[in-house]
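Colleague: For reference, the file run02.cif (mmCIF, C-alpha atoms) is included below:
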data_input
loop_
_atom_site.group_PDB
_atom_site.id
_atom_site.type_symbol
_atom_site.label_atom_id
_atom_site.label_comp_id
_atom_site.auth_asym_id
_atom_site.auth_seq_id
_atom_site.Cartn_x
_atom_site.Cartn_y
_atom_site.Cartn_z
ATOM 1 C CA MET A 1 6.057 -24.252 29.738
ATOM 2 C CA ALA A 2 8.452 -22.507 27.373
ATOM 3 C CA PHE A 3 9.193 -25.870 25.748
ATOM 4 C CA PHE A 4 5.520 -26.512 25.001
ATOM 5 C CA ILE A 5 5.078 -22.966 23.685
ATOM 6 C CA LEU A 6 8.017 -23.472 21.300
ATOM 7 C CA VAL A 7 6.597 -26.782 20.127
ATOM 8 C CA GLN A 8 3.195 -25.142 19.605
ATOM 9 C CA MET A 9 4.817 -22.360 17.572
ATOM 10 C CA GLY A 10 6.623 -24.948 15.462
ATOM 11 C CA LEU A 11 3.426 -26.902 14.791
ATOM 12 C CA GLN A 12 1.567 -23.738 13.889
ATOM 13 C CA SER A 13 4.280 -22.584 11.496
ATOM 14 C CA GLN A 14 4.452 -25.987 9.773
ATOM 15 C CA SER A 15 0.786 -26.913 9.593
ATOM 16 C CA GLY A 16 -1.023 -23.675 10.165
ATOM 17 C CA PHE A 17 -3.011 -25.280 12.986
ATOM 18 C CA GLY A 18 -3.792 -22.620 15.565
ATOM 19 C CA GLY A 19 -5.272 -24.716 18.343
ATOM 20 C CA LEU A 20 -3.976 -24.298 21.869
ATOM 21 C CA PHE A 21 -4.574 -27.831 23.107
ATOM 22 C CA PHE A 22 -0.873 -28.707 23.101
ATOM 23 C CA LEU A 23 -0.272 -26.061 25.790
ATOM 24 C CA LEU A 24 -2.506 -27.861 28.293
ATOM 25 C CA PRO A 25 -0.032 -30.721 28.989
ATOM 26 C CA GLY A 26 2.541 -28.072 29.894
ATOM 27 C CA ILE A 27 0.164 -26.575 32.446
ATOM 28 C CA PHE A 28 -0.518 -30.060 33.809
ATOM 29 C CA LEU A 29 3.208 -30.766 34.232
ATOM 30 C CA CYS A 30 3.714 -27.413 36.001
ATOM 31 C CA GLY A 31 1.154 -28.426 38.605
ATOM 32 C CA LEU A 32 2.473 -31.972 38.838
ATOM 33 C CA LEU A 33 6.159 -31.125 39.199
ATOM 34 C CA PHE A 34 6.042 -27.852 41.119
ATOM 35 C CA ASP A 35 3.276 -26.002 42.988
ATOM 36 C CA ARG A 36 0.100 -24.000 42.523
ATOM 37 C CA GLY A 37 2.024 -20.807 41.794
ATOM 38 C CA SER A 38 3.788 -22.555 38.911
ATOM 39 C CA THR A 39 0.387 -23.625 37.576
ATOM 40 C CA PHE A 40 -0.842 -20.025 37.576
ATOM 41 C CA LEU A 41 2.380 -18.854 35.942
ATOM 42 C CA GLY A 42 2.152 -21.562 33.275
ATOM 43 C CA THR A 43 -1.468 -20.639 32.543
ATOM 44 C CA ALA A 44 -0.518 -16.955 32.298
ATOM 45 C CA LEU A 45 2.345 -17.690 29.874
ATOM 46 C CA ALA A 46 0.109 -19.893 27.745
ATOM 47 C CA THR A 47 -2.579 -17.181 27.693
ATOM 48 C CA LEU A 48 -0.054 -14.529 26.640
ATOM 49 C CA TYR A 49 1.067 -16.769 23.805
ATOM 50 C CA ALA A 50 -2.577 -17.338 22.804
ATOM 51 C CA VAL A 51 -3.148 -13.592 22.660
ATOM 52 C CA TYR A 52 0.041 -13.148 20.632
ATOM 53 C CA ALA A 53 -0.790 -15.968 18.192
ATOM 54 C CA ALA A 54 -4.464 -15.071 17.793
ATOM 55 C CA PRO A 55 -5.462 -14.129 14.239
ATOM 56 C CA ALA A 56 -6.147 -10.489 13.530
ATOM 57 C CA ALA A 57 -9.706 -9.727 14.535
ATOM 58 C CA PRO A 58 -11.515 -7.488 16.975
ATOM 59 C CA TRP A 59 -10.110 -8.350 20.397
ATOM 60 C CA THR A 60 -13.581 -8.868 21.758
ATOM 61 C CA ALA A 61 -13.986 -11.885 19.502
ATOM 62 C CA HIS A 62 -11.293 -13.740 21.452
ATOM 63 C CA LEU A 63 -12.621 -13.092 24.960
ATOM 64 C CA LEU A 64 -14.793 -16.201 25.202
ATOM 65 C CA PRO A 65 -12.219 -18.693 23.843
ATOM 66 C CA LEU A 66 -9.475 -17.148 25.971
ATOM 67 C CA GLY A 67 -11.690 -17.274 29.058
ATOM 68 C CA LEU A 68 -12.471 -20.929 28.422
ATOM 69 C CA PHE A 69 -8.780 -21.649 27.899
ATOM 70 C CA VAL A 70 -7.789 -19.907 31.150
ATOM 71 C CA ALA A 71 -10.506 -21.733 33.101
ATOM 72 C CA THR A 72 -9.451 -25.059 31.567
ATOM 73 C CA GLY A 73 -5.793 -24.376 32.311
ATOM 74 C CA LEU A 74 -6.479 -23.472 35.941
ATOM 75 C CA GLY A 75 -8.724 -26.514 36.393
ATOM 76 C CA ILE A 76 -6.064 -28.816 34.959
ATOM 77 C CA GLY A 77 -3.479 -27.178 37.208
ATOM 78 C CA VAL A 78 -5.583 -27.738 40.341
ATOM 79 C CA VAL A 79 -6.134 -31.388 39.390
ATOM 80 C CA ALA A 80 -2.405 -31.825 38.727
ATOM 81 C CA GLU A 81 -1.502 -30.285 42.069
ATOM 82 C CA GLY A 82 -3.946 -32.577 43.883
ATOM 83 C CA PHE A 83 -2.463 -35.534 42.055
ATOM 84 C CA ARG A 84 1.044 -34.431 43.062
ATOM 85 C CA ASN A 85 0.035 -34.018 46.712
ATOM 86 C CA GLU A 86 -1.465 -37.498 46.709
ATOM 87 C CA LEU A 87 1.715 -38.943 45.205
ATOM 88 C CA GLU A 88 3.797 -37.184 47.871
ATOM 89 C CA ARG A 89 1.582 -38.616 50.610
ATOM 90 C CA MET A 90 1.908 -42.097 49.127
ATOM 91 C CA VAL A 91 5.699 -41.798 48.946
ATOM 92 C CA ALA A 92 5.859 -40.471 52.526
ATOM 93 C CA ALA A 93 3.582 -43.272 53.769
ATOM 94 C CA GLU A 94 5.703 -45.895 52.038
ATOM 95 C CA LYS A 95 8.864 -44.401 53.506
ATOM 96 C CA ALA A 96 7.320 -44.317 56.994
ATOM 97 C CA LYS A 97 6.168 -47.917 56.605
ATOM 98 C CA THR A 98 9.671 -49.022 55.668
ATOM 99 C CA VAL A 99 11.197 -47.166 58.631
ATOM 100 C CA LEU A 100 8.636 -48.586 61.046
ATOM 101 C CA LEU A 101 9.124 -52.124 59.787
ATOM 102 C CA MET A 102 12.879 -51.807 60.237
ATOM 103 C CA GLU A 103 12.373 -50.380 63.718
ATOM 104 C CA LEU A 104 9.903 -53.143 64.583
ATOM 105 C CA ALA A 105 12.418 -55.786 63.550
ATOM 106 C CA HIS A 106 15.099 -54.087 65.652
ATOM 107 C CA ARG A 107 12.749 -53.736 68.638
ATOM 108 C CA THR A 108 11.654 -57.362 68.385
ATOM 109 C CA LYS A 109 15.273 -58.507 68.325
ATOM 110 C CA ASN A 110 16.069 -56.413 71.415
ATOM 111 C CA ASN A 111 12.972 -57.664 73.231
ATOM 112 C CA LEU A 112 13.911 -61.270 72.540
ATOM 113 C CA ALA A 113 17.430 -60.587 73.797
ATOM 114 C CA MET A 114 15.951 -59.046 76.960
ATOM 115 C CA LEU A 115 13.730 -62.094 77.483
ATOM 116 C CA SER A 116 16.681 -64.401 76.939
ATOM 117 C CA ALA A 117 18.729 -62.551 79.566
ATOM 118 C CA MET A 118 15.873 -62.698 82.093
ATOM 119 C CA MET A 119 15.374 -66.409 81.446
ATOM 120 C CA ARG A 120 19.070 -67.052 82.068
ATOM 121 C CA LEU A 121 18.846 -65.167 85.352
ATOM 122 C CA GLN A 122 15.762 -67.170 86.302
ATOM 123 C CA ALA A 123 17.517 -70.440 85.436
ATOM 124 C CA LYS A 124 20.354 -69.652 87.865
ATOM 125 C CA GLN A 125 18.012 -69.206 90.822
ATOM 126 C CA ALA A 126 17.833 -72.273 93.018
ATOM 127 C CA GLY A 127 14.809 -73.388 94.955
ATOM 128 C CA VAL A 128 12.199 -72.053 92.532
ATOM 129 C CA SER A 129 9.767 -74.459 90.933
ATOM 130 C CA ALA A 130 9.449 -74.625 87.169
ATOM 131 C CA ALA A 131 5.816 -73.574 87.408
ATOM 132 C CA ASP A 132 6.689 -70.415 89.346
ATOM 133 C CA ALA A 133 9.536 -69.557 86.977
ATOM 134 C CA LEU A 134 7.348 -70.042 83.904
ATOM 135 C CA GLY A 135 4.571 -68.002 85.507
ATOM 136 C CA ASP A 136 6.963 -65.107 86.115
ATOM 137 C CA MET A 137 8.238 -65.214 82.539
ATOM 138 C CA ALA A 138 4.713 -65.398 81.150
ATOM 139 C CA SER A 139 3.830 -62.248 83.078
ATOM 140 C CA ARG A 140 6.870 -60.416 81.704
ATOM 141 C CA ILE A 141 6.125 -61.489 78.139
ATOM 142 C CA GLN A 142 2.517 -60.329 78.465
ATOM 143 C CA VAL A 143 3.597 -56.905 79.698
ATOM 144 C CA MET A 144 6.103 -56.663 76.861
ATOM 145 C CA SER A 145 3.454 -57.517 74.281
ATOM 146 C CA GLN A 146 0.967 -54.955 75.603
ATOM 147 C CA VAL A 147 3.206 -52.069 74.588
ATOM 148 C CA TYR A 148 2.218 -52.541 70.937
ATOM 149 C CA ASP A 149 -1.429 -51.859 71.805
ATOM 150 C CA HIS A 150 -0.471 -48.325 72.786
ATOM 151 C CA LEU A 151 1.804 -47.295 69.943
ATOM 152 C CA THR A 152 1.216 -43.891 68.400
ATOM 153 C CA ILE A 153 2.996 -42.554 65.320
ATOM 154 C CA ARG A 154 4.602 -39.175 65.870
ATOM 155 C CA ALA A 155 6.986 -37.738 63.304
ATOM 156 C CA GLU A 156 7.579 -41.223 61.890
ATOM 157 C CA ARG A 157 8.514 -42.540 65.338
ATOM 158 C CA LYS A 158 6.715 -45.051 67.510
ATOM 159 C CA VAL A 159 5.817 -43.587 70.878
ATOM 160 C CA VAL A 160 3.682 -44.803 73.759
ATOM 161 C CA ASP A 161 1.345 -42.864 76.012
ATOM 162 C CA ALA A 162 2.959 -43.858 79.330
ATOM 163 C CA LYS A 163 0.026 -42.587 81.386
ATOM 164 C CA GLN A 164 -2.510 -44.777 79.626
ATOM 165 C CA TYR A 165 -0.116 -47.712 79.343
ATOM 166 C CA LEU A 166 0.852 -47.901 83.020
ATOM 167 C CA THR A 167 -2.727 -47.339 84.141
ATOM 168 C CA GLU A 168 -3.868 -50.259 82.012
ATOM 169 C CA ILE A 169 -1.086 -52.518 83.324
ATOM 170 C CA CYS A 170 -2.165 -51.805 86.891
ATOM 171 C CA GLN A 171 -5.782 -52.461 85.950
ATOM 172 C CA HIS A 172 -4.803 -55.842 84.506
ATOM 173 C CA LEU A 173 -2.799 -56.715 87.625
ATOM 174 C CA SER A 174 -5.705 -55.683 89.820
ATOM 175 C CA ALA A 175 -8.145 -57.752 87.765
ATOM 176 C CA SER A 176 -5.832 -60.778 87.984
ATOM 177 C CA ILE A 177 -6.087 -60.861 91.804
ATOM 178 C CA THR A 178 -9.775 -60.038 92.098
ATOM 179 C CA GLY A 179 -11.362 -62.530 94.471
ATOM 180 C CA THR A 180 -8.045 -64.023 95.560
ATOM 181 C CA SER A 181 -6.285 -61.172 97.387
ATOM 182 C CA PRO A 182 -7.687 -58.228 99.403
ATOM 183 C CA VAL A 183 -5.086 -55.830 97.978
ATOM 184 C CA ALA A 184 -6.029 -52.720 96.017
ATOM 185 C CA ILE A 185 -3.797 -51.472 93.213
ATOM 186 C CA THR A 186 -4.050 -47.843 92.111
ATOM 187 C CA ALA A 187 -2.071 -45.738 89.657
ATOM 188 C CA ARG A 188 -1.508 -42.067 88.937
ATOM 189 C CA ALA A 189 0.633 -40.782 86.080
ATOM 190 C CA ASP A 190 1.507 -37.493 84.434
ATOM 191 C CA GLU A 191 1.071 -37.214 80.705
ATOM 192 C CA LEU A 192 4.238 -38.562 79.146
ATOM 193 C CA TYR A 193 5.026 -39.881 75.690
ATOM 194 C CA ILE A 194 8.030 -42.166 75.499
ATOM 195 C CA HIS A 195 9.630 -44.248 72.800
ATOM 196 C CA SER A 196 8.750 -47.926 72.765
ATOM 197 C CA GLU A 197 12.350 -48.752 73.703
ATOM 198 C CA GLN A 198 11.796 -47.046 77.074
ATOM 199 C CA ALA A 199 8.181 -48.182 77.484
ATOM 200 C CA VAL A 200 8.996 -51.895 77.661
ATOM 201 C CA PRO A 201 11.602 -51.668 80.492
ATOM 202 C CA ILE A 202 9.414 -49.264 82.495
ATOM 203 C CA ALA A 203 6.414 -51.564 82.167
ATOM 204 C CA ILE A 204 8.423 -54.620 83.239
ATOM 205 C CA ILE A 205 9.758 -52.676 86.238
ATOM 206 C CA VAL A 206 6.214 -51.784 87.309
ATOM 207 C CA ASN A 207 5.102 -55.372 86.799
ATOM 208 C CA GLU A 208 8.026 -56.725 88.857
ATOM 209 C CA LEU A 209 7.539 -54.282 91.726
ATOM 210 C CA VAL A 210 3.777 -54.733 91.964
ATOM 211 C CA THR A 211 4.115 -58.513 91.693
ATOM 212 C CA ASN A 212 6.771 -58.559 94.418
ATOM 213 C CA SER A 213 4.525 -56.513 96.698
ATOM 214 C CA LEU A 214 1.657 -58.906 96.086
ATOM 215 C CA LYS A 215 3.890 -61.878 96.871
ATOM 216 C CA TYR A 216 5.764 -60.671 99.933
ATOM 217 C CA ALA A 217 4.260 -57.489 101.410
ATOM 218 C CA PHE A 218 0.938 -58.943 102.542
ATOM 219 C CA PRO A 219 1.452 -62.366 104.137
ATOM 220 C CA ASP A 220 -1.382 -64.485 105.523
ATOM 221 C CA GLY A 221 -3.954 -62.820 103.303
ATOM 222 C CA ARG A 222 -3.772 -59.439 105.043
ATOM 223 C CA PRO A 223 -5.417 -56.527 103.153
ATOM 224 C CA GLY A 224 -3.376 -53.692 101.773
ATOM 225 C CA HIS A 225 -2.795 -51.086 99.116
ATOM 226 C CA ILE A 226 -0.227 -50.740 96.323
ATOM 227 C CA HIS A 227 0.153 -47.402 94.576
ATOM 228 C CA VAL A 228 2.065 -46.669 91.348
ATOM 229 C CA ASP A 229 2.968 -43.035 90.667
ATOM 230 C CA LEU A 230 4.683 -41.606 87.581
ATOM 231 C CA HIS A 231 5.852 -38.000 87.761
ATOM 232 C CA ALA A 232 7.423 -36.328 84.723
ATOM 233 C CA ASP A 233 9.142 -32.970 85.046
ATOM 234 C CA SER A 234 12.836 -32.335 84.422
ATOM 235 C CA GLU A 235 13.269 -36.046 85.052
ATOM 236 C CA VAL A 236 10.973 -39.062 85.243
ATOM 237 C CA VAL A 237 10.293 -40.392 88.734
ATOM 238 C CA LEU A 238 8.437 -43.682 89.030
ATOM 239 C CA THR A 239 7.487 -44.894 92.518
ATOM 240 C CA VAL A 240 5.767 -48.069 93.638
ATOM 241 C CA SER A 241 4.752 -48.035 97.303
ATOM 242 C CA ASP A 242 2.736 -50.327 99.566
ATOM 243 C CA ASN A 243 1.590 -50.467 103.167
ATOM 244 C CA GLY A 244 2.758 -54.019 103.770
ATOM 245 C CA VAL A 245 5.405 -55.483 106.032
ATOM 246 C CA GLY A 246 8.318 -53.689 104.389
ATOM 247 C CA ILE A 247 11.610 -55.101 103.183
ATOM 248 C CA ARG A 248 14.276 -56.732 105.333
ATOM 249 C CA THR A 249 17.304 -55.355 103.500
ATOM 250 C CA GLN A 250 18.011 -52.088 101.762
ATOM 251 C CA GLN A 251 19.010 -53.922 98.555
ATOM 252 C CA PRO A 252 16.974 -57.116 98.016
ATOM 253 C CA GLU A 253 18.704 -59.965 96.256
ATOM 254 C CA GLY A 254 17.106 -62.318 93.770
ATOM 255 C CA VAL A 255 16.125 -62.614 90.129
ATOM 256 C CA GLY A 256 13.560 -59.812 90.393
ATOM 257 C CA SER A 257 16.002 -57.335 91.907
ATOM 258 C CA ARG A 258 18.666 -58.193 89.330
ATOM 259 C CA VAL A 259 16.140 -57.718 86.530
ATOM 260 C CA LEU A 260 15.209 -54.326 87.999
ATOM 261 C CA SER A 261 18.866 -53.336 88.241
ATOM 262 C CA LEU A 262 19.562 -54.269 84.618
ATOM 263 C CA LEU A 263 16.461 -52.494 83.331
ATOM 264 C CA SER A 264 17.200 -49.326 85.299
ATOM 265 C CA GLN A 265 20.710 -49.288 83.812
ATOM 266 C CA GLN A 266 19.189 -49.677 80.357
ATOM 267 C CA LEU A 267 17.068 -46.579 81.075
ATOM 268 C CA ARG A 268 20.172 -44.733 82.375
ATOM 269 C CA GLY A 269 18.424 -44.404 85.726
ATOM 270 C CA THR A 270 18.798 -45.417 89.348
ATOM 271 C CA ILE A 271 16.537 -47.475 91.575
ATOM 272 C CA ASP A 272 16.281 -47.055 95.345
ATOM 273 C CA TYR A 273 14.517 -49.053 98.059
ATOM 274 C CA GLU A 274 13.125 -47.354 101.147
ATOM 275 C CA ASN A 275 11.305 -48.697 104.196
ATOM 276 C CA LEU A 276 8.405 -46.537 105.378
ATOM 277 C CA ASP A 277 6.689 -46.401 108.752
ATOM 278 C CA GLN A 278 4.284 -48.879 107.220
ATOM 279 C CA GLY A 279 5.379 -50.664 104.074
ATOM 280 C CA CYS A 280 8.054 -49.718 101.591
ATOM 281 C CA ARG A 281 8.655 -47.547 98.548
ATOM 282 C CA VAL A 282 10.791 -48.257 95.501
ATOM 283 C CA THR A 283 11.782 -45.281 93.346
ATOM 284 C CA LEU A 284 13.140 -45.248 89.807
ATOM 285 C CA ARG A 285 14.693 -41.990 88.586
ATOM 286 C CA MET A 286 15.664 -41.577 84.950
ATOM 287 C CA PRO A 287 16.279 -38.746 82.454
ATOM 288 C CA LYS A 288 13.158 -37.545 80.709
ATOM 289 C CA PRO A 289 13.270 -38.980 77.170
ATOM 290 C CA SER A 290 12.686 -36.759 74.167
ATOM 291 C CA VAL A 291 10.316 -37.842 71.387
#
I'd like the structure from this file rewritten - as structure tokens, please.

Modeller:
Amino acid sequence: MAFFILVQMGLQSQSGFGGLFFLLPGIFLCGLLFDRGSTFLGTALATLYAVYAAPAAPWTAHLLPLGLFVATGLGIGVVAEGFRNELERMVAAEKAKTVLLMELAHRTKNNLAMLSAMMRLQAKQAGVSAADALGDMASRIQVMSQVYDHLTIRAERKVVDAKQYLTEICQHLSASITGTSPVAITARADELYIHSEQAVPIAIIVNELVTNSLKYAFPDGRPGHIHVDLHADSEVVLTVSDNGVGIRTQQPEGVGSRVLSLLSQQLRGTIDYENLDQGCRVTLRMPKPSV
């Protein structure tokens, strides 16, 4: 503002022109580069200079022009500040977009690597038809893709509402067996926001456990119930239980169990199998992630 005042003084001394219009760009730049307080300060400095440079006359004769100048200066300052805020939002949005695109590329690469590892495990299993293997992989890919329908932006990070996400997965699994299996699938989950890197493994674990229960816990078309429960306190505890025939060994072996083991390690958690009086329960315990 001092620069524009000096320039105005120079113009007035050289040409005798006493207009104050050249001070308005200074007020505009104060609002654009700094904040509203700087706008008010710039307007005050410009007004003081206007009073100082005003030709000798009764002071009342300058009230109207000075009032118009102050109002114009404040209006220009408010517009400049709004323009600056909009520019800051645009820059922040562009920065967030760049970060999210980089994270998406990284997440996609990791997801493809996870799929590749699961396909290699599936390929090593003997006695499984190609149709069954492809069906299992298709189910895992679908679960993996659904995570992007639940992304929420928080502090420039992608997070997923685990409660809504897991509930929807169980609803899809339940809808897929409607009319073909007399098994009910229910879910209950605490409110929990997790990063997408944790959401994908958790969802695949739920899909694997529920699918395994549907395949093996209810032979000969017997009715039953599968329940998914997510509890989040000091740690995250995910349980999938059923009232089927139970499991024959404490640590099942197969592609599904190896996938579960790898995913639980990725989540820095542990997975335990437990036979109940009727059915079985599988529990995943993992540290509560921070978002």

Colleague: Please compute the CA of Ala80 (chain A)-CA of Gly42 (chain A) distance, one decimal, in Å.

Modeller: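 That distance, rounded to one decimal, is 12.5 Å.
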
Colleague: What gap, in Å, lies between CA of Thr167 (chain A) and CA of Arg188 (chain A)?

Modeller: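 Spanning CA of Thr167 (chain A) to CA of Arg188 (chain A) is a straight-line distance of 7.2 Å.
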
Colleague: I want to know what sits within 12 Å of Asn243 (chain A), based on only C-alpha atoms, with residues of the same chain fewer than 3 positions away left out; could you give that as a PyMOL selection string?

Modeller: chain A and resi 183-185+213-214+216-219+222-227+240+246-247+275-281

Colleague: Could you save the residues just selected, with C-alpha atoms, as a PDB file, in the coordinates of the input?

Modeller:
ATOM      1  CA  VAL A 183      -5.086 -55.830  97.978  1.00  0.00           C
ATOM      2  CA  ALA A 184      -6.029 -52.720  96.017  1.00  0.00           C
ATOM      3  CA  ILE A 185      -3.797 -51.472  93.213  1.00  0.00           C
ATOM      4  CA  SER A 213       4.525 -56.513  96.698  1.00  0.00           C
ATOM      5  CA  LEU A 214       1.657 -58.906  96.086  1.00  0.00           C
ATOM      6  CA  TYR A 216       5.764 -60.671  99.933  1.00  0.00           C
ATOM      7  CA  ALA A 217       4.260 -57.489 101.410  1.00  0.00           C
ATOM      8  CA  PHE A 218       0.938 -58.943 102.542  1.00  0.00           C
ATOM      9  CA  PRO A 219       1.452 -62.366 104.137  1.00  0.00           C
ATOM     10  CA  ARG A 222      -3.772 -59.439 105.043  1.00  0.00           C
ATOM     11  CA  PRO A 223      -5.417 -56.527 103.153  1.00  0.00           C
ATOM     12  CA  GLY A 224      -3.376 -53.692 101.773  1.00  0.00           C
ATOM     13  CA  HIS A 225      -2.795 -51.086  99.116  1.00  0.00           C
ATOM     14  CA  ILE A 226      -0.227 -50.740  96.323  1.00  0.00           C
ATOM     15  CA  HIS A 227       0.153 -47.402  94.576  1.00  0.00           C
ATOM     16  CA  VAL A 240       5.767 -48.069  93.638  1.00  0.00           C
ATOM     17  CA  GLY A 246       8.318 -53.689 104.389  1.00  0.00           C
ATOM     18  CA  ILE A 247      11.610 -55.101 103.183  1.00  0.00           C
ATOM     19  CA  ASN A 275      11.305 -48.697 104.196  1.00  0.00           C
ATOM     20  CA  LEU A 276       8.405 -46.537 105.378  1.00  0.00           C
ATOM     21  CA  ASP A 277       6.689 -46.401 108.752  1.00  0.00           C
ATOM     22  CA  GLN A 278       4.284 -48.879 107.220  1.00  0.00           C
ATOM     23  CA  GLY A 279       5.379 -50.664 104.074  1.00  0.00           C
ATOM     24  CA  CYS A 280       8.054 -49.718 101.591  1.00  0.00           C
ATOM     25  CA  ARG A 281       8.655 -47.547  98.548  1.00  0.00           C
TER      26      ARG A 281
END

Colleague: Measure the distance from CA of Ser181 (chain A) to CA of Gly221 (chain A) in Å and round it to one decimal.

Modeller: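 Distance between the two atoms: 6.6 Å.
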
Colleague: Counting only C-alpha atoms, which residue out of A:Ile177, A:Leu267, A:Leu262, A:Val282 sits closest to Leu209 (chain A)?

Modeller: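 For Leu209 (chain A), the nearest of the candidates is A:Val282.
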
Colleague: Translate the PyMOL selection byres ((chain A and resi 73) around 9), as applied to the file shown, into an explicit residue set as a CSV table (one decimal) with C-alpha atoms, in the frame of the given file.

Modeller:
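Contents of selection39.csv, freshly written:
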chain,number,residue,atom,x,y,z
A,23,LEU,CA,-0.3,-26.1,25.8
A,24,LEU,CA,-2.5,-27.9,28.3
A,27,ILE,CA,0.2,-26.6,32.4
A,28,PHE,CA,-0.5,-30.1,33.8
A,39,THR,CA,0.4,-23.6,37.6
A,40,PHE,CA,-0.8,-20.0,37.6
A,42,GLY,CA,2.2,-21.6,33.3
A,43,THR,CA,-1.5,-20.6,32.5
A,46,ALA,CA,0.1,-19.9,27.7
A,68,LEU,CA,-12.5,-20.9,28.4
A,69,PHE,CA,-8.8,-21.6,27.9
A,70,VAL,CA,-7.8,-19.9,31.2
A,71,ALA,CA,-10.5,-21.7,33.1
A,72,THR,CA,-9.5,-25.1,31.6
A,74,LEU,CA,-6.5,-23.5,35.9
A,75,GLY,CA,-8.7,-26.5,36.4
A,76,ILE,CA,-6.1,-28.8,35.0
A,77,GLY,CA,-3.5,-27.2,37.2
A,78,VAL,CA,-5.6,-27.7,40.3

Colleague: When distances are computed from only C-alpha atoms, which of A:Leu33, A:Leu48, A:Ala199, A:Ala187 shows the smallest separation from Asp229 (chain A)?

Modeller: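 Among the listed residues, the smallest separation from Asp229 (chain A) belongs to A:Ala187.
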
Colleague: Give as a list in words the residues that the PyMOL selection byres ((chain A and resi 263) around 10) matches when applied to the coordinates above.

Modeller: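 For this structure, the PyMOL selection byres ((chain A and resi 263) around 10) resolves to Met114, Gln198, Val200, Pro201, Ile202, Ile204, Ile205, Ser257, Arg258, Val259, Leu260, Ser261, Leu262, Ser264, Gln265, Gln266, Leu267, Arg268, Gly269, Thr270 and Ile271 of chain A.
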
Colleague: Could you save the residues just selected, with C-alpha atoms, as a PDB file, in the coordinates of the input?

Modeller:
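And here's selection-v1.pdb as it stands now:
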ATOM      1  CA  MET A 114      15.951 -59.046  76.960  1.00  0.00           C
ATOM      2  CA  GLN A 198      11.796 -47.046  77.074  1.00  0.00           C
ATOM      3  CA  VAL A 200       8.996 -51.895  77.661  1.00  0.00           C
ATOM      4  CA  PRO A 201      11.602 -51.668  80.492  1.00  0.00           C
ATOM      5  CA  ILE A 202       9.414 -49.264  82.495  1.00  0.00           C
ATOM      6  CA  ILE A 204       8.423 -54.620  83.239  1.00  0.00           C
ATOM      7  CA  ILE A 205       9.758 -52.676  86.238  1.00  0.00           C
ATOM      8  CA  SER A 257      16.002 -57.335  91.907  1.00  0.00           C
ATOM      9  CA  ARG A 258      18.666 -58.193  89.330  1.00  0.00           C
ATOM     10  CA  VAL A 259      16.140 -57.718  86.530  1.00  0.00           C
ATOM     11  CA  LEU A 260      15.209 -54.326  87.999  1.00  0.00           C
ATOM     12  CA  SER A 261      18.866 -53.336  88.241  1.00  0.00           C
ATOM     13  CA  LEU A 262      19.562 -54.269  84.618  1.00  0.00           C
ATOM     14  CA  SER A 264      17.200 -49.326  85.299  1.00  0.00           C
ATOM     15  CA  GLN A 265      20.710 -49.288  83.812  1.00  0.00           C
ATOM     16  CA  GLN A 266      19.189 -49.677  80.357  1.00  0.00           C
ATOM     17  CA  LEU A 267      17.068 -46.579  81.075  1.00  0.00           C
ATOM     18  CA  ARG A 268      20.172 -44.733  82.375  1.00  0.00           C
ATOM     19  CA  GLY A 269      18.424 -44.404  85.726  1.00  0.00           C
ATOM     20  CA  THR A 270      18.798 -45.417  89.348  1.00  0.00           C
ATOM     21  CA  ILE A 271      16.537 -47.475  91.575  1.00  0.00           C
TER      22      ILE A 271
END

Colleague: List the residues selected by the PyMOL selection byres ((chain A and resi 232) around 12) in the file shown, writing them as a CSV table (one decimal) with C-alpha atoms, in the coordinates of the input.

Modeller:
chain,number,residue,atom,x,y,z
A,162,ALA,CA,3.0,-43.9,79.3
A,163,LYS,CA,0.0,-42.6,81.4
A,188,ARG,CA,-1.5,-42.1,88.9
A,189,ALA,CA,0.6,-40.8,86.1
A,190,ASP,CA,1.5,-37.5,84.4
A,191,GLU,CA,1.1,-37.2,80.7
A,192,LEU,CA,4.2,-38.6,79.1
A,193,TYR,CA,5.0,-39.9,75.7
A,194,ILE,CA,8.0,-42.2,75.5
A,229,ASP,CA,3.0,-43.0,90.7
A,230,LEU,CA,4.7,-41.6,87.6
A,231,HIS,CA,5.9,-38.0,87.8
A,233,ASP,CA,9.1,-33.0,85.0
A,234,SER,CA,12.8,-32.3,84.4
A,235,GLU,CA,13.3,-36.0,85.1
A,236,VAL,CA,11.0,-39.1,85.2
A,237,VAL,CA,10.3,-40.4,88.7
A,238,LEU,CA,8.4,-43.7,89.0
A,239,THR,CA,7.5,-44.9,92.5
A,284,LEU,CA,13.1,-45.2,89.8
A,285,ARG,CA,14.7,-42.0,88.6
A,286,MET,CA,15.7,-41.6,85.0
A,287,PRO,CA,16.3,-38.7,82.5
A,288,LYS,CA,13.2,-37.5,80.7
A,289,PRO,CA,13.3,-39.0,77.2
A,290,SER,CA,12.7,-36.8,74.2

Colleague: Please put the answer as AutoDock Vina command-line options: centre and edge lengths, in Å with one decimal, of a box along x, y and z that encloses all listed atoms of region 190-207 of chain A plus 5 Å on each side.

Modeller:
--center_x 6.7 --center_y -46.3 --center_z 80.0 --size_x 21.3 --size_y 28.2 --size_z 24.5

Colleague: May I ask which of the residues A:Val79, A:Met119, A:Leu87, A:Ala44 is the closest one to Leu134 (chain A), counting only C-alpha atoms?

Modeller: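 Closest residue, counting only C-alpha atoms: A:Met119.
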
Colleague: Quick one: of A:Ala203, A:Gln142, A:Thr283, A:Gly179, who's nearest to Gln164 (chain A), counting all atoms listed in the file?

Modeller: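 Under the stated criterion, the closest residue is A:Ala203.
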